[in-house]
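Structure data follow from query19.txt (compact mmCIF, N, CA and C atoms):
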# COMPACT_ATOMS: atom_id res chain seq x y z
N MET A 215 0.83 -1.18 0.00
CA MET A 215 0.00 0.00 0.00
C MET A 215 0.88 1.25 0.00
N LYS A 216 0.59 2.14 -0.90
CA LYS A 216 1.36 3.36 -1.05
C LYS A 216 0.93 4.39 -0.03
N LYS A 217 1.91 5.04 0.55
CA LYS A 217 1.59 6.12 1.48
C LYS A 217 1.38 7.40 0.69
N GLY A 218 0.22 7.97 0.84
CA GLY A 218 -0.07 9.24 0.17
C GLY A 218 0.27 10.40 1.07
N LYS A 219 0.58 11.49 0.46
CA LYS A 219 0.84 12.69 1.25
C LYS A 219 -0.49 13.20 1.79
N GLN A 220 -0.50 13.48 3.07
CA GLN A 220 -1.71 14.05 3.64
C GLN A 220 -1.74 15.53 3.31
N LYS A 221 -2.91 15.99 2.97
CA LYS A 221 -3.09 17.39 2.65
C LYS A 221 -2.93 18.21 3.93
N LYS A 222 -2.05 19.19 3.88
CA LYS A 222 -1.83 20.03 5.05
C LYS A 222 -3.01 20.97 5.21
N GLN A 223 -3.61 20.94 6.39
CA GLN A 223 -4.75 21.79 6.66
C GLN A 223 -4.30 23.20 6.98
N LYS A 224 -5.03 24.17 6.46
CA LYS A 224 -4.75 25.56 6.78
C LYS A 224 -5.21 25.84 8.19
N SER A 225 -4.52 26.73 8.83
CA SER A 225 -4.94 27.16 10.16
C SER A 225 -6.25 27.93 10.02
N ASP A 226 -7.19 27.66 10.88
CA ASP A 226 -8.48 28.31 10.81
C ASP A 226 -8.57 29.33 11.94
N CYS A 227 -8.82 30.57 11.60
CA CYS A 227 -8.78 31.65 12.60
C CYS A 227 -9.92 31.59 13.60
N LEU A 228 -10.99 30.84 13.35
CA LEU A 228 -12.09 30.76 14.32
C LEU A 228 -11.98 29.57 15.27
N VAL A 229 -11.35 28.50 14.83
CA VAL A 229 -11.23 27.31 15.68
C VAL A 229 -10.39 27.65 16.92
N GLY A 230 -10.94 27.33 18.08
CA GLY A 230 -10.28 27.64 19.34
C GLY A 230 -10.73 28.96 19.95
N ARG A 231 -11.51 29.73 19.21
CA ARG A 231 -12.01 31.00 19.74
C ARG A 231 -13.24 30.77 20.61
N PHE A 232 -13.36 31.57 21.64
CA PHE A 232 -14.54 31.55 22.50
C PHE A 232 -15.48 32.63 21.98
N PHE A 233 -16.76 32.53 22.32
CA PHE A 233 -17.72 33.48 21.75
C PHE A 233 -18.94 33.67 22.64
N HIS A 234 -19.62 34.77 22.38
CA HIS A 234 -21.01 34.99 22.81
C HIS A 234 -21.78 35.13 21.51
N SER A 235 -22.83 34.36 21.32
CA SER A 235 -23.64 34.52 20.12
C SER A 235 -24.67 35.61 20.37
N VAL A 236 -25.04 36.29 19.30
CA VAL A 236 -25.96 37.41 19.37
C VAL A 236 -27.10 37.13 18.40
N ASP A 237 -28.35 37.27 18.87
CA ASP A 237 -29.49 37.02 17.99
C ASP A 237 -29.83 38.28 17.18
N GLY A 238 -30.87 38.19 16.37
CA GLY A 238 -31.27 39.28 15.50
C GLY A 238 -31.66 40.55 16.21
N SER A 239 -32.06 40.45 17.47
CA SER A 239 -32.45 41.65 18.22
C SER A 239 -31.28 42.22 19.02
N GLY A 240 -30.10 41.63 18.89
CA GLY A 240 -28.92 42.13 19.58
C GLY A 240 -28.74 41.60 20.98
N LYS A 241 -29.45 40.52 21.33
CA LYS A 241 -29.34 39.94 22.67
C LYS A 241 -28.39 38.74 22.65
N LEU A 242 -27.68 38.56 23.75
CA LEU A 242 -26.80 37.40 23.90
C LEU A 242 -27.66 36.15 24.03
N THR A 243 -27.26 35.08 23.34
CA THR A 243 -28.02 33.84 23.44
C THR A 243 -27.16 32.68 23.94
N TRP A 244 -26.00 32.47 23.36
CA TRP A 244 -25.14 31.36 23.75
C TRP A 244 -23.78 31.87 24.16
N GLN A 245 -23.04 31.01 24.88
CA GLN A 245 -21.62 31.21 25.10
C GLN A 245 -20.95 29.88 24.81
N GLY A 246 -19.74 29.92 24.27
CA GLY A 246 -19.09 28.66 23.95
C GLY A 246 -17.75 28.83 23.29
N GLU A 247 -17.32 27.76 22.62
CA GLU A 247 -16.04 27.72 21.93
C GLU A 247 -16.22 27.05 20.58
N VAL A 248 -15.59 27.62 19.56
CA VAL A 248 -15.57 27.01 18.24
C VAL A 248 -14.55 25.88 18.30
N ILE A 249 -14.98 24.63 18.06
CA ILE A 249 -14.06 23.51 18.23
C ILE A 249 -13.66 22.84 16.92
N GLY A 250 -14.31 23.18 15.81
CA GLY A 250 -13.89 22.60 14.54
C GLY A 250 -14.68 23.13 13.37
N ARG A 251 -14.10 22.94 12.19
CA ARG A 251 -14.78 23.31 10.95
C ARG A 251 -15.23 22.01 10.30
N VAL A 252 -16.51 21.89 9.99
CA VAL A 252 -17.02 20.64 9.42
C VAL A 252 -17.23 20.73 7.92
N SER A 253 -17.29 21.93 7.37
CA SER A 253 -17.38 22.12 5.92
C SER A 253 -16.95 23.55 5.62
N ASP A 254 -17.00 23.93 4.36
CA ASP A 254 -16.60 25.29 3.99
C ASP A 254 -17.44 26.35 4.68
N ASP A 255 -18.69 26.03 4.99
CA ASP A 255 -19.56 27.06 5.55
C ASP A 255 -20.19 26.69 6.89
N ARG A 256 -19.64 25.68 7.57
CA ARG A 256 -20.22 25.27 8.87
C ARG A 256 -19.12 24.94 9.89
N TYR A 257 -19.43 25.32 11.13
CA TYR A 257 -18.52 25.05 12.25
C TYR A 257 -19.22 24.25 13.32
N LEU A 258 -18.44 23.47 14.05
CA LEU A 258 -18.91 22.75 15.24
C LEU A 258 -18.55 23.61 16.44
N VAL A 259 -19.54 23.91 17.28
CA VAL A 259 -19.31 24.73 18.47
C VAL A 259 -19.71 23.96 19.72
N GLN A 260 -18.96 24.16 20.77
CA GLN A 260 -19.26 23.61 22.09
C GLN A 260 -19.93 24.71 22.88
N LEU A 261 -21.16 24.48 23.30
CA LEU A 261 -21.86 25.47 24.11
C LEU A 261 -21.60 25.22 25.58
N PHE A 262 -21.61 26.28 26.37
CA PHE A 262 -21.41 26.19 27.81
C PHE A 262 -22.68 26.60 28.53
N ASP A 263 -22.97 25.91 29.61
CA ASP A 263 -24.11 26.25 30.46
C ASP A 263 -23.95 27.68 30.96
N ALA A 264 -25.01 28.47 30.86
CA ALA A 264 -24.94 29.88 31.24
C ALA A 264 -24.70 30.08 32.73
N VAL A 265 -25.20 29.20 33.57
CA VAL A 265 -25.08 29.37 35.01
C VAL A 265 -23.75 28.85 35.53
N MET A 266 -23.43 27.60 35.21
CA MET A 266 -22.22 26.96 35.75
C MET A 266 -20.99 27.15 34.86
N GLY A 267 -21.20 27.45 33.58
CA GLY A 267 -20.07 27.61 32.67
C GLY A 267 -19.47 26.30 32.20
N GLU A 268 -20.12 25.19 32.50
CA GLU A 268 -19.64 23.87 32.11
C GLU A 268 -20.11 23.54 30.69
N PRO A 269 -19.34 22.71 29.95
CA PRO A 269 -19.79 22.31 28.62
C PRO A 269 -21.15 21.63 28.68
N SER A 270 -22.01 21.96 27.71
CA SER A 270 -23.33 21.34 27.68
C SER A 270 -23.49 20.53 26.40
N VAL A 271 -23.88 21.14 25.31
CA VAL A 271 -24.09 20.42 24.05
C VAL A 271 -23.23 21.02 22.95
N GLN A 272 -23.11 20.28 21.86
CA GLN A 272 -22.40 20.77 20.68
C GLN A 272 -23.42 20.99 19.57
N ARG A 273 -23.19 22.02 18.77
CA ARG A 273 -24.08 22.35 17.66
C ARG A 273 -23.26 22.62 16.41
N ILE A 274 -23.86 22.41 15.26
CA ILE A 274 -23.26 22.80 13.99
C ILE A 274 -23.95 24.08 13.55
N VAL A 275 -23.14 25.10 13.24
CA VAL A 275 -23.66 26.42 12.94
C VAL A 275 -23.09 26.91 11.61
N ALA A 276 -23.95 27.50 10.79
CA ALA A 276 -23.51 28.10 9.53
C ALA A 276 -22.70 29.37 9.83
N ILE A 277 -21.64 29.56 9.08
CA ILE A 277 -20.80 30.74 9.28
C ILE A 277 -21.60 32.02 9.08
N SER A 278 -22.62 31.99 8.23
CA SER A 278 -23.43 33.18 8.00
C SER A 278 -24.18 33.61 9.26
N GLU A 279 -24.47 32.69 10.16
CA GLU A 279 -25.13 33.01 11.42
C GLU A 279 -24.17 33.62 12.44
N MET A 280 -22.87 33.45 12.20
CA MET A 280 -21.88 33.83 13.20
C MET A 280 -21.37 35.27 13.07
N SER A 281 -21.71 35.95 12.00
CA SER A 281 -21.12 37.28 11.78
C SER A 281 -21.40 38.29 12.88
N PRO A 282 -22.57 38.29 13.55
CA PRO A 282 -22.75 39.27 14.64
C PRO A 282 -22.16 38.83 15.99
N TRP A 283 -21.63 37.62 16.06
CA TRP A 283 -21.13 37.10 17.33
C TRP A 283 -19.92 37.89 17.81
N LEU A 284 -19.69 37.83 19.11
CA LEU A 284 -18.50 38.42 19.73
C LEU A 284 -17.50 37.29 19.96
N PHE A 285 -16.29 37.42 19.43
CA PHE A 285 -15.27 36.37 19.56
C PHE A 285 -14.14 36.83 20.47
N TYR A 286 -13.56 35.85 21.18
CA TYR A 286 -12.50 36.13 22.15
C TYR A 286 -11.36 35.12 22.00
N SER A 287 -10.18 35.53 22.41
CA SER A 287 -9.00 34.66 22.34
C SER A 287 -9.05 33.52 23.35
N ASP A 288 -9.65 33.77 24.51
CA ASP A 288 -9.69 32.73 25.55
C ASP A 288 -10.91 32.92 26.45
N ALA A 289 -11.11 31.95 27.33
CA ALA A 289 -12.28 31.96 28.22
C ALA A 289 -12.26 33.14 29.18
N ASP A 290 -11.08 33.53 29.65
CA ASP A 290 -10.99 34.67 30.57
C ASP A 290 -11.45 35.96 29.90
N GLU A 291 -11.06 36.15 28.65
CA GLU A 291 -11.48 37.34 27.91
C GLU A 291 -13.00 37.34 27.71
N MET A 292 -13.57 36.17 27.42
CA MET A 292 -15.02 36.05 27.26
C MET A 292 -15.73 36.39 28.58
N ARG A 293 -15.23 35.85 29.67
CA ARG A 293 -15.82 36.09 30.99
C ARG A 293 -15.75 37.59 31.35
N HIS A 294 -14.60 38.19 31.08
CA HIS A 294 -14.44 39.62 31.38
C HIS A 294 -15.42 40.46 30.56
N SER A 295 -15.61 40.13 29.30
CA SER A 295 -16.56 40.86 28.46
C SER A 295 -17.98 40.73 29.00
N TYR A 296 -18.32 39.54 29.48
CA TYR A 296 -19.66 39.32 30.03
C TYR A 296 -19.87 40.11 31.31
N GLU A 297 -18.83 40.21 32.12
CA GLU A 297 -18.96 40.89 33.41
C GLU A 297 -18.74 42.40 33.33
N HIS A 298 -17.82 42.84 32.41
CA HIS A 298 -17.44 44.25 32.41
C HIS A 298 -17.38 44.91 31.03
N GLY A 299 -17.40 44.15 29.98
CA GLY A 299 -17.15 44.70 28.65
C GLY A 299 -18.38 44.80 27.77
N THR A 300 -18.17 44.66 26.48
CA THR A 300 -19.23 44.79 25.49
C THR A 300 -20.40 43.86 25.76
N ALA A 301 -20.12 42.61 26.09
CA ALA A 301 -21.20 41.66 26.34
C ALA A 301 -22.06 42.09 27.53
N SER A 302 -21.45 42.69 28.54
CA SER A 302 -22.24 43.14 29.70
C SER A 302 -23.19 44.26 29.30
N ARG A 303 -22.77 45.12 28.41
CA ARG A 303 -23.64 46.21 27.94
C ARG A 303 -24.77 45.67 27.08
N MET A 304 -24.55 44.57 26.39
CA MET A 304 -25.58 43.99 25.53
C MET A 304 -26.71 43.37 26.33
N LYS A 305 -26.48 43.12 27.60
CA LYS A 305 -27.53 42.57 28.45
C LYS A 305 -28.55 43.64 28.81
N THR A 306 -28.16 44.93 28.73
CA THR A 306 -29.04 45.98 29.23
C THR A 306 -29.36 47.07 28.22
N GLU A 307 -28.58 47.20 27.15
CA GLU A 307 -28.79 48.30 26.22
C GLU A 307 -29.44 47.84 24.92
N THR A 308 -29.90 48.77 24.14
CA THR A 308 -30.53 48.44 22.87
C THR A 308 -29.48 48.16 21.82
N THR A 309 -29.87 47.55 20.73
CA THR A 309 -28.98 47.23 19.62
C THR A 309 -28.33 48.50 19.09
N GLN A 310 -29.09 49.58 18.95
CA GLN A 310 -28.55 50.83 18.42
C GLN A 310 -27.43 51.36 19.31
N GLU A 311 -27.60 51.29 20.61
CA GLU A 311 -26.56 51.77 21.52
C GLU A 311 -25.30 50.93 21.38
N ILE A 312 -25.42 49.64 21.18
CA ILE A 312 -24.25 48.77 21.03
C ILE A 312 -23.49 49.11 19.75
N ARG A 313 -24.17 49.42 18.69
CA ARG A 313 -23.50 49.74 17.43
C ARG A 313 -22.65 50.98 17.54
N ASP A 314 -22.91 51.83 18.51
CA ASP A 314 -22.14 53.06 18.67
C ASP A 314 -20.77 52.82 19.29
N TYR A 315 -20.48 51.64 19.78
CA TYR A 315 -19.19 51.37 20.43
C TYR A 315 -18.12 51.06 19.42
As structure tokens, what does this structure read like?
Amino acid sequence: MKKGKQKKQKSDCLVGRFFHSVDGSGKLTWQGEVIGRVSDDRYLVQLFDAVMGEPSVQRIVAISEMSPWLFYSDADEMRHSYEHGTASRMKTETTQEIRDY
């Protein structure tokens, strides 16, 4: 059996990023981590329980749904945003006010 060269995968800038998802009205809905790319236009994400912060379920999400999401380099940055940053303001302000930041 001949050994074939494995195709080198490109580094994906979203895999490994933490996020808060934002719905159409500008409200936070999920928190989690992008854990893999499953096709050209879909990612596998690990969602975290909102109360305990523990992993809950995994979902496949179209990249087109992810454009309004807030992305972070690590879990600490995500937590800080939720407590003190942009994500914290999204819990209480209107969509228009958020766009001004």
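Nearest to Val248 (chain A) of all the residues A:Gly230, A:Ser302, A:Glu279, A:Val271 is A:Gly230, counting all atoms listed in the file.
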Exercise. If you run DSSP on the backbone, which residues of chain A are alpha helix (DSSP H), as a list in words?
Worked result: Ile277, Ser278, Glu279, Met280, Ala289, Asp290, Glu291, Met292, Arg293, His294, Ser295, Tyr296, Glu297, His298, Thr300, Ala301, Ser302, Arg303, Met304, Thr309, Gln310, Glu311, Ile312 and Arg313 of chain A
Problem set entry | Residues flagged strand (DSSP E or B) by DSSP in region 234-298 of chain A, as JSON, numbers by chain | {"A": [234, 235, 236, 242, 243, 244, 245, 246, 247, 248, 249, 250, 251, 252, 253, 256, 257, 258, 259, 260, 261, 262, 269, 270, 271, 272, 273, 274, 275, 276, 284, 285, 286]}
For this session: Write out as an MDAnalysis selection string each polymer residue whose atoms come within 8 Å of Ser278 (chain A), counting only N, CA and C atoms; drop sequence neighbours fewer than 2 positions from it.
Result: chainID A and resid 255:257 275:276 280:282
Problem set entry | Spatial neighbours of Glu247 (chain A), 8 Å, all atoms listed in the file, chain gap at least 3 places, as number ranges by chain | A: 228-234, 244, 250, 258-262
Store the residues of this selection in a file with N, CA and C atoms, as a PDB file, in the coordinates of the input.
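Written output follows (again.pdb):
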ATOM      1  N   LEU A 228     -10.990  30.840  13.350  1.00  0.00           N
ATOM      2  CA  LEU A 228     -12.090  30.760  14.320  1.00  0.00           C
ATOM      3  C   LEU A 228     -11.980  29.570  15.270  1.00  0.00           C
ATOM      4  N   VAL A 229     -11.350  28.500  14.830  1.00  0.00           N
ATOM      5  CA  VAL A 229     -11.230  27.310  15.680  1.00  0.00           C
ATOM      6  C   VAL A 229     -10.390  27.650  16.920  1.00  0.00           C
ATOM      7  N   GLY A 230     -10.940  27.330  18.080  1.00  0.00           N
ATOM      8  CA  GLY A 230     -10.280  27.640  19.340  1.00  0.00           C
ATOM      9  C   GLY A 230     -10.730  28.960  19.950  1.00  0.00           C
ATOM     10  N   ARG A 231     -11.510  29.730  19.210  1.00  0.00           N
ATOM     11  CA  ARG A 231     -12.010  31.000  19.740  1.00  0.00           C
ATOM     12  C   ARG A 231     -13.240  30.770  20.610  1.00  0.00           C
ATOM     13  N   PHE A 232     -13.360  31.570  21.640  1.00  0.00           N
ATOM     14  CA  PHE A 232     -14.540  31.550  22.500  1.00  0.00           C
ATOM     15  C   PHE A 232     -15.480  32.630  21.980  1.00  0.00           C
ATOM     16  N   PHE A 233     -16.760  32.530  22.320  1.00  0.00           N
ATOM     17  CA  PHE A 233     -17.720  33.480  21.750  1.00  0.00           C
ATOM     18  C   PHE A 233     -18.940  33.670  22.640  1.00  0.00           C
ATOM     19  N   HIS A 234     -19.620  34.770  22.380  1.00  0.00           N
ATOM     20  CA  HIS A 234     -21.010  34.990  22.810  1.00  0.00           C
ATOM     21  C   HIS A 234     -21.780  35.130  21.510  1.00  0.00           C
ATOM     22  N   TRP A 244     -26.000  32.470  23.360  1.00  0.00           N
ATOM     23  CA  TRP A 244     -25.140  31.360  23.750  1.00  0.00           C
ATOM     24  C   TRP A 244     -23.780  31.870  24.160  1.00  0.00           C
ATOM     25  N   GLY A 250     -14.310  23.180  15.810  1.00  0.00           N
ATOM     26  CA  GLY A 250     -13.890  22.600  14.540  1.00  0.00           C
ATOM     27  C   GLY A 250     -14.680  23.130  13.370  1.00  0.00           C
ATOM     28  N   LEU A 258     -18.440  23.470  14.050  1.00  0.00           N
ATOM     29  CA  LEU A 258     -18.910  22.750  15.240  1.00  0.00           C
ATOM     30  C   LEU A 258     -18.550  23.610  16.440  1.00  0.00           C
ATOM     31  N   VAL A 259     -19.540  23.910  17.280  1.00  0.00           N
ATOM     32  CA  VAL A 259     -19.310  24.730  18.470  1.00  0.00           C
ATOM     33  C   VAL A 259     -19.710  23.960  19.720  1.00  0.00           C
ATOM     34  N   GLN A 260     -18.960  24.160  20.770  1.00  0.00           N
ATOM     35  CA  GLN A 260     -19.260  23.610  22.090  1.00  0.00           C
ATOM     36  C   GLN A 260     -19.930  24.710  22.880  1.00  0.00           C
ATOM     37  N   LEU A 261     -21.160  24.480  23.300  1.00  0.00           N
ATOM     38  CA  LEU A 261     -21.860  25.470  24.110  1.00  0.00           C
ATOM     39  C   LEU A 261     -21.600  25.220  25.580  1.00  0.00           C
ATOM     40  N   PHE A 262     -21.610  26.280  26.370  1.00  0.00           N
ATOM     41  CA  PHE A 262     -21.410  26.190  27.810  1.00  0.00           C
ATOM     42  C   PHE A 262     -22.680  26.600  28.530  1.00  0.00           C
TER      43      PHE A 262
END
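Of note, CA of Phe285 (chain A) and atom C of Lys241 (chain A) are spaced 13.7 Å apart.
Nearest residue to Ala264 (chain A), choosing from A:Gln245, A:Val252, A:Arg293, A:Ser225 and counting only N, CA and C atoms: A:Gln245.
Separating CA of Arg303 (chain A) from CA of Asp226 (chain A) is a distance of 29.0 Å.
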Problem set entry | Atom pair atom C of Met292 (chain A) / atom N of Ser270 (chain A): separation (Å) |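 Those two atoms sit 15.8 Å apart.
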